[in-house]
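> Provided herewith: work-v1.pdb, PDB, C-alpha atoms, pLDDT in the B column.
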ATOM      1  CA  MET A 439       0.000   0.000   0.000  1.00 80.00           C
ATOM      2  CA  ARG A 440       1.125   3.511  -0.698  1.00 87.00           C
ATOM      3  CA  VAL A 441       2.050   5.492   2.414  1.00 91.00           C
ATOM      4  CA  TYR A 442       3.506   8.942   3.007  1.00 91.00           C
ATOM      5  CA  PRO A 443       7.113   9.293   4.270  1.00 92.00           C
ATOM      6  CA  LYS A 444       6.038  10.090   7.868  1.00 93.00           C
ATOM      7  CA  GLN A 445       3.643   7.124   7.837  1.00 94.00           C
ATOM      8  CA  ARG A 446       6.450   4.857   6.580  1.00 94.00           C
ATOM      9  CA  GLN A 447       8.739   6.129   9.338  1.00 94.00           C
ATOM     10  CA  PHE A 448       6.031   5.257  11.883  1.00 94.00           C
ATOM     11  CA  LEU A 449       5.496   1.775  10.401  1.00 94.00           C
ATOM     12  CA  GLU A 450       9.219   1.020  10.453  1.00 94.00           C
ATOM     13  CA  SER A 451       9.640   1.933  14.129  1.00 94.00           C
ATOM     14  CA  LYS A 452      10.567  -1.029  16.346  1.00 91.00           C
ATOM     15  CA  ALA A 453       9.290   0.672  19.523  1.00 93.00           C
ATOM     16  CA  LEU A 454       6.954  -1.368  21.725  1.00 93.00           C
ATOM     17  CA  TRP A 455       4.771   1.720  22.287  1.00 94.00           C
ATOM     18  CA  ARG A 456       4.382   4.308  19.573  1.00 94.00           C
ATOM     19  CA  ALA A 457       2.070   7.071  18.439  1.00 95.00           C
ATOM     20  CA  PHE A 458       1.144   8.691  15.160  1.00 96.00           C
ATOM     21  CA  VAL A 459       0.116  12.276  15.830  1.00 95.00           C
ATOM     22  CA  ALA A 460      -1.118  14.371  12.918  1.00 93.00           C
ATOM     23  CA  GLY A 461      -3.826  16.744  11.775  1.00 92.00           C
ATOM     24  CA  ILE A 462      -7.261  16.055  10.369  1.00 91.00           C
ATOM     25  CA  GLY A 463      -7.131  14.093   7.120  1.00 87.00           C
ATOM     26  CA  ALA A 464      -3.504  12.947   7.594  1.00 87.00           C
ATOM     27  CA  GLY A 465      -4.400   9.240   7.521  1.00 90.00           C
ATOM     28  CA  LYS A 466      -4.195   8.426  11.229  1.00 94.00           C
ATOM     29  CA  SER A 467      -6.912   5.758  11.184  1.00 94.00           C
ATOM     30  CA  PHE A 468      -5.542   4.305   7.953  1.00 94.00           C
ATOM     31  CA  ILE A 469      -2.029   3.983   9.369  1.00 96.00           C
ATOM     32  CA  GLY A 470      -3.306   2.622  12.697  1.00 96.00           C
ATOM     33  CA  ALA A 471      -5.213  -0.112  10.867  1.00 95.00           C
ATOM     34  CA  LEU A 472      -2.303  -0.910   8.559  1.00 95.00           C
ATOM     35  CA  ASP A 473       0.084  -1.030  11.505  1.00 95.00           C
ATOM     36  CA  MET A 474      -2.090  -3.504  13.401  1.00 95.00           C
ATOM     37  CA  ILE A 475      -2.546  -5.781  10.409  1.00 94.00           C
ATOM     38  CA  LYS A 476       1.191  -5.780   9.654  1.00 93.00           C
ATOM     39  CA  ARG A 477       2.149  -6.485  13.284  1.00 93.00           C
ATOM     40  CA  SER A 478      -0.467  -9.152  13.987  1.00 94.00           C
ATOM     41  CA  LYS A 479       0.643 -12.735  14.557  1.00 94.00           C
ATOM     42  CA  PRO A 480      -1.359 -15.801  13.511  1.00 94.00           C
ATOM     43  CA  GLY A 481      -3.832 -17.033  16.098  1.00 94.00           C
ATOM     44  CA  ARG A 482      -3.346 -14.073  18.461  1.00 96.00           C
ATOM     45  CA  LEU A 483      -5.930 -11.638  19.871  1.00 97.00           C
ATOM     46  CA  TYR A 484      -5.812  -7.866  19.295  1.00 97.00           C
ATOM     47  CA  LEU A 485      -8.015  -4.966  20.331  1.00 96.00           C
ATOM     48  CA  VAL A 486      -8.936  -1.711  18.617  1.00 96.00           C
ATOM     49  CA  CYS A 487     -10.593   0.911  20.787  1.00 96.00           C
ATOM     50  CA  ALA A 488     -11.938   4.403  20.335  1.00 96.00           C
ATOM     51  CA  PRO A 489     -13.299   6.908  22.876  1.00 96.00           C
ATOM     52  CA  THR A 490     -16.963   6.187  22.042  1.00 95.00           C
ATOM     53  CA  TYR A 491     -18.876   3.442  20.297  1.00 92.00           C
ATOM     54  CA  THR A 492     -19.993   5.927  17.618  1.00 92.00           C
ATOM     55  CA  MET A 493     -16.363   6.826  16.794  1.00 93.00           C
ATOM     56  CA  LEU A 494     -15.458   3.150  16.794  1.00 92.00           C
ATOM     57  CA  ALA A 495     -18.267   2.179  14.407  1.00 89.00           C
ATOM     58  CA  ASP A 496     -18.061   5.228  12.138  1.00 89.00           C
ATOM     59  CA  ALA A 497     -14.276   5.491  11.777  1.00 91.00           C
ATOM     60  CA  SER A 498     -11.970   2.894  13.378  1.00 93.00           C
ATOM     61  CA  PHE A 499     -13.904  -0.242  12.377  1.00 91.00           C
ATOM     62  CA  ARG A 500     -14.576   1.020   8.859  1.00 89.00           C
ATOM     63  CA  SER A 501     -10.933   2.005   8.334  1.00 91.00           C
ATOM     64  CA  PHE A 502      -9.709  -1.341   9.600  1.00 91.00           C
ATOM     65  CA  ALA A 503     -12.165  -3.358   7.484  1.00 90.00           C
ATOM     66  CA  ASP A 504     -11.267  -1.319   4.393  1.00 89.00           C
ATOM     67  CA  VAL A 505      -7.503  -1.726   4.844  1.00 91.00           C
ATOM     68  CA  ALA A 506      -7.885  -5.453   5.597  1.00 91.00           C
ATOM     69  CA  ALA A 507      -9.947  -5.914   2.429  1.00 88.00           C
ATOM     70  CA  GLN A 508      -7.429  -3.968   0.296  1.00 87.00           C
ATOM     71  CA  LEU A 509      -4.577  -6.110   1.621  1.00 87.00           C
ATOM     72  CA  GLY A 510      -6.498  -9.336   1.082  1.00 82.00           C
ATOM     73  CA  GLY A 511      -6.292  -9.935   4.831  1.00 78.00           C
ATOM     74  CA  VAL A 512      -9.930 -10.977   5.120  1.00 77.00           C
ATOM     75  CA  ASP A 513     -11.338 -13.975   3.295  1.00 67.00           C
ATOM     76  CA  PRO A 514     -14.484 -12.756   1.445  1.00 64.00           C
ATOM     77  CA  GLN A 515     -15.789 -16.354   1.383  1.00 63.00           C
ATOM     78  CA  ASP A 516     -15.609 -16.585   5.181  1.00 66.00           C
ATOM     79  CA  GLU A 517     -19.010 -15.292   6.306  1.00 63.00           C
ATOM     80  CA  GLY A 518     -17.890 -15.160   9.949  1.00 64.00           C
ATOM     81  CA  ALA A 519     -14.686 -13.193   9.297  1.00 68.00           C
ATOM     82  CA  LEU A 520     -16.373  -9.788   9.512  1.00 64.00           C
ATOM     83  CA  LYS A 521     -18.776  -9.347  12.418  1.00 72.00           C
ATOM     84  CA  ARG A 522     -20.372  -5.911  12.172  1.00 68.00           C
ATOM     85  CA  SER A 523     -22.898  -6.367  14.969  1.00 68.00           C
ATOM     86  CA  ALA A 524     -22.095  -5.171  18.473  1.00 71.00           C
ATOM     87  CA  PRO A 525     -19.464  -5.885  19.569  1.00 81.00           C
ATOM     88  CA  PRO A 526     -17.702  -5.975  16.184  1.00 87.00           C
ATOM     89  CA  ALA A 527     -14.771  -8.276  15.402  1.00 90.00           C
ATOM     90  CA  ILE A 528     -12.662  -9.270  12.402  1.00 90.00           C
ATOM     91  CA  ARG A 529     -10.806 -12.526  11.854  1.00 89.00           C
ATOM     92  CA  LEU A 530      -7.847 -12.109   9.513  1.00 91.00           C
ATOM     93  CA  ARG A 531      -6.736 -14.794   7.060  1.00 88.00           C
ATOM     94  CA  THR A 532      -3.785 -15.482   9.363  1.00 89.00           C
ATOM     95  CA  GLY A 533      -6.160 -16.536  12.117  1.00 91.00           C
ATOM     96  CA  ALA A 534      -5.455 -13.406  14.160  1.00 94.00           C
ATOM     97  CA  GLU A 535      -8.643 -12.049  15.728  1.00 94.00           C
ATOM     98  CA  VAL A 536      -9.265  -8.325  16.193  1.00 95.00           C
ATOM     99  CA  ILE A 537     -11.973  -7.190  18.581  1.00 94.00           C
ATOM    100  CA  PHE A 538     -13.324  -3.633  18.681  1.00 94.00           C
ATOM    101  CA  ARG A 539     -14.363  -1.900  21.896  1.00 95.00           C
ATOM    102  CA  SER A 540     -15.375   1.511  23.115  1.00 94.00           C
ATOM    103  CA  ALA A 541     -13.283   3.122  25.854  1.00 95.00           C
ATOM    104  CA  ASP A 542     -16.128   5.226  27.277  1.00 94.00           C
ATOM    105  CA  ASN A 543     -16.348   2.816  30.247  1.00 93.00           C
ATOM    106  CA  PRO A 544     -12.728   1.741  30.795  1.00 94.00           C
ATOM    107  CA  ASP A 545     -13.653  -1.054  33.219  1.00 93.00           C
ATOM    108  CA  MET A 546     -15.319  -2.869  30.314  1.00 92.00           C
ATOM    109  CA  LEU A 547     -11.868  -3.236  28.701  1.00 93.00           C
ATOM    110  CA  ARG A 548     -10.803  -5.680  31.424  1.00 92.00           C
ATOM    111  CA  GLY A 549     -10.608  -9.382  30.749  1.00 88.00           C
ATOM    112  CA  PRO A 550      -8.889 -10.495  27.561  1.00 91.00           C
ATOM    113  CA  ASN A 551      -5.199 -11.285  27.216  1.00 95.00           C
ATOM    114  CA  LEU A 552      -3.980  -9.349  24.183  1.00 97.00           C
ATOM    115  CA  SER A 553      -0.933  -9.304  21.933  1.00 97.00           C
ATOM    116  CA  GLY A 554      -1.484  -5.717  20.800  1.00 97.00           C
ATOM    117  CA  VAL A 555      -3.786  -2.736  21.020  1.00 98.00           C
ATOM    118  CA  TRP A 556      -4.521   0.236  18.773  1.00 97.00           C
ATOM    119  CA  MET A 557      -6.085   3.249  20.482  1.00 97.00           C
ATOM    120  CA  ASP A 558      -7.665   5.455  17.811  1.00 97.00           C
ATOM    121  CA  GLU A 559      -8.262   9.069  18.916  1.00 96.00           C
ATOM    122  CA  ALA A 560      -6.287   8.167  22.040  1.00 96.00           C
ATOM    123  CA  SER A 561      -6.039  11.762  23.318  1.00 96.00           C
ATOM    124  CA  LEU A 562      -9.816  11.764  23.864  1.00 96.00           C
ATOM    125  CA  MET A 563      -9.778   8.643  26.069  1.00 95.00           C
ATOM    126  CA  LYS A 564      -9.807   8.564  29.843  1.00 93.00           C
ATOM    127  CA  ARG A 565      -6.453   7.872  31.481  1.00 94.00           C
ATOM    128  CA  ASP A 566      -7.948   4.740  33.090  1.00 95.00           C
ATOM    129  CA  ALA A 567      -8.459   3.186  29.640  1.00 96.00           C
ATOM    130  CA  PHE A 568      -4.733   3.372  28.944  1.00 94.00           C
ATOM    131  CA  ALA A 569      -3.827   1.910  32.347  1.00 95.00           C
ATOM    132  CA  ILE A 570      -6.276  -0.977  31.948  1.00 95.00           C
ATOM    133  CA  LEU A 571      -5.136  -1.751  28.395  1.00 95.00           C
ATOM    134  CA  ILE A 572      -1.485  -1.976  29.446  1.00 93.00           C
ATOM    135  CA  GLY A 573      -2.487  -4.722  31.872  1.00 94.00           C
ATOM    136  CA  ARG A 574      -4.144  -6.717  29.068  1.00 95.00           C
ATOM    137  CA  LEU A 575      -0.961  -6.932  26.965  1.00 96.00           C
ATOM    138  CA  ARG A 576       0.203 -10.350  28.128  1.00 95.00           C
ATOM    139  CA  GLU A 577      -0.987 -12.981  25.655  1.00 95.00           C
ATOM    140  CA  GLY A 578       1.236 -16.034  25.354  1.00 89.00           C
ATOM    141  CA  GLY A 579       3.398 -14.862  28.257  1.00 90.00           C
ATOM    142  CA  GLU A 580       4.796 -12.030  26.125  1.00 92.00           C
ATOM    143  CA  MET A 581       4.612  -8.275  26.599  1.00 94.00           C
ATOM    144  CA  GLY A 582       2.293  -6.928  23.924  1.00 95.00           C
ATOM    145  CA  TRP A 583       2.589  -3.678  21.985  1.00 96.00           C
ATOM    146  CA  GLY A 584       0.536  -0.515  21.800  1.00 96.00           C
ATOM    147  CA  THR A 585      -0.205   2.000  19.089  1.00 96.00           C
ATOM    148  CA  ALA A 586      -1.967   5.315  19.591  1.00 96.00           C
ATOM    149  CA  THR A 587      -3.264   7.618  16.854  1.00 96.00           C
ATOM    150  CA  PHE A 588      -4.561  11.089  17.605  1.00 96.00           C
ATOM    151  CA  THR A 589      -4.625  14.757  16.656  1.00 93.00           C
TER     152      THR A 589
END
Kindly return the structure encoded in the file as structure tokens.

Amino acid sequence: MRVYPKQRQFLESKALWRAFVAGIGAGKSFIGALDMIKRSKPGRLYLVCAPTYTMLADASFRSFADVAAQLGGVDPQDEGALKRSAPPAIRLRTGAEVIFRSADNPDMLRGPNLSGVWMDEASLMKRDAFAILIGRLREGGEMGWGTATFT
């Protein structure tokens, strides 16, 4: 996929925690989705969250589904690969599963062991959401990674 130089620099970073901060229309949701798909491991669980369910459904989920489709990361013959109903989820061809959650009630983010998280519009989230998500990054006995995109 074609990316801008600053997006490429972000994608090539080896940092465990990283952020892409840019203005409106700079491709933050696109690069967050691409980053998660590129970093996902087969059979692992990942989480995408946004400050509200409306933001999640209208932007983050749509961006992720679009990028996954463009990359061929979702099998169009697999009727269960794209779950649009609440709560949404996407199963990639690799077997990685991506769940989508709102961060408006941070306590609802507790529970799953994750390999990675993408926080879209992270600057609008409550601090508790970040603290809770860090504690989820432990799947397979490994420290998971985090990506934040925001203006």
> Given the file above and the PyMOL selection byres ((chain A and resi 479) around 10), which residues are selected, and can you give them as number ranges by chain?
A: 474-478, 480-484, 530, 532-535, 553-554
> Would you translate the PyMOL selection byres ((chain A and resi 564-578) around 8) into the concrete set of residues it matches in this file, as an mmCIF file with C-alpha atoms, in the frame of the given file?

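As written to disk, part26.cif reads:
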data_model
loop_
_atom_site.group_PDB
_atom_site.id
_atom_site.type_symbol
_atom_site.label_atom_id
_atom_site.label_comp_id
_atom_site.auth_asym_id
_atom_site.auth_seq_id
_atom_site.Cartn_x
_atom_site.Cartn_y
_atom_site.Cartn_z
ATOM 1 C CA ARG A 482 -3.346 -14.073 18.461
ATOM 2 C CA LEU A 483 -5.930 -11.638 19.871
ATOM 3 C CA PRO A 489 -13.299 6.908 22.876
ATOM 4 C CA ALA A 541 -13.283 3.122 25.854
ATOM 5 C CA ASP A 542 -16.128 5.226 27.277
ATOM 6 C CA ASN A 543 -16.348 2.816 30.247
ATOM 7 C CA PRO A 544 -12.728 1.741 30.795
ATOM 8 C CA ASP A 545 -13.653 -1.054 33.219
ATOM 9 C CA LEU A 547 -11.868 -3.236 28.701
ATOM 10 C CA ARG A 548 -10.803 -5.680 31.424
ATOM 11 C CA GLY A 549 -10.608 -9.382 30.749
ATOM 12 C CA PRO A 550 -8.889 -10.495 27.561
ATOM 13 C CA ASN A 551 -5.199 -11.285 27.216
ATOM 14 C CA LEU A 552 -3.980 -9.349 24.183
ATOM 15 C CA SER A 553 -0.933 -9.304 21.933
ATOM 16 C CA GLY A 554 -1.484 -5.717 20.800
ATOM 17 C CA VAL A 555 -3.786 -2.736 21.020
ATOM 18 C CA LEU A 562 -9.816 11.764 23.864
ATOM 19 C CA MET A 563 -9.778 8.643 26.069
ATOM 20 C CA GLY A 579 3.398 -14.862 28.257
ATOM 21 C CA GLU A 580 4.796 -12.030 26.125
ATOM 22 C CA MET A 581 4.612 -8.275 26.599
ATOM 23 C CA GLY A 582 2.293 -6.928 23.924
ATOM 24 C CA TRP A 583 2.589 -3.678 21.985
#
> Extract, using all atoms listed in the file, all DNA, RNA and protein residues at most 8 Å from region 499-504 of chain A, discarding same-chain residues fewer than 6 positions from it, and format them as a list in words.
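The residues that qualify are Ser467, Phe468, Ala471, Leu472, Leu520, Pro526, Ile528 and Phe538 of chain A.
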> With distances taken over all atoms listed in the file, which residue among A:Thr585, A:Gln445, A:Ser498, A:Ser540 lies nearest Trp556 (chain A)?
A:Thr585
> Tell me which residues come within 8 Å of (0.4, 6.1, 14.1), as a list in words, counting only C-alpha atoms in the file's coordinates.
Gln445, Phe448, Leu449, Arg456, Ala457, Phe458, Val459, Lys466, Ser467, Ile469, Gly470, Asp473, Thr585, Ala586, Thr587 and Phe588 of chain A
> Have a look at CA of Pro525 (chain A) and CA of Gly511 (chain A) and let me know their distance in Å, one decimal.
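Those two atoms sit 20.2 Å apart.
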> Taking all atoms listed in the file into account, which of A:Met557, A:Ala497, A:Val486, A:Leu454 comes nearest Arg539 (chain A)?
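For Arg539 (chain A), the nearest of the candidates is A:Val486.
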> Please compute the CA of Val512 (chain A)-CA of Ala460 (chain A) distance, one decimal, in Å.
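Atom-to-atom, CA of Val512 (chain A) and CA of Ala460 (chain A) are spaced 27.9 Å apart.
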> Using Å and a single decimal, report how far CA of Lys444 (chain A) sits from CA of Ile537 (chain A).
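Interatomic distance here is 27.2 Å.
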> Let me make sure I understand: among A:Ala506, A:Gly584, A:Glu559, A:Leu485, which one has the smallest atom-to-atom distance to Ile462 (chain A) if we use only C-alpha atoms?
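Closest to Ile462 (chain A), using only C-alpha atoms: A:Glu559.
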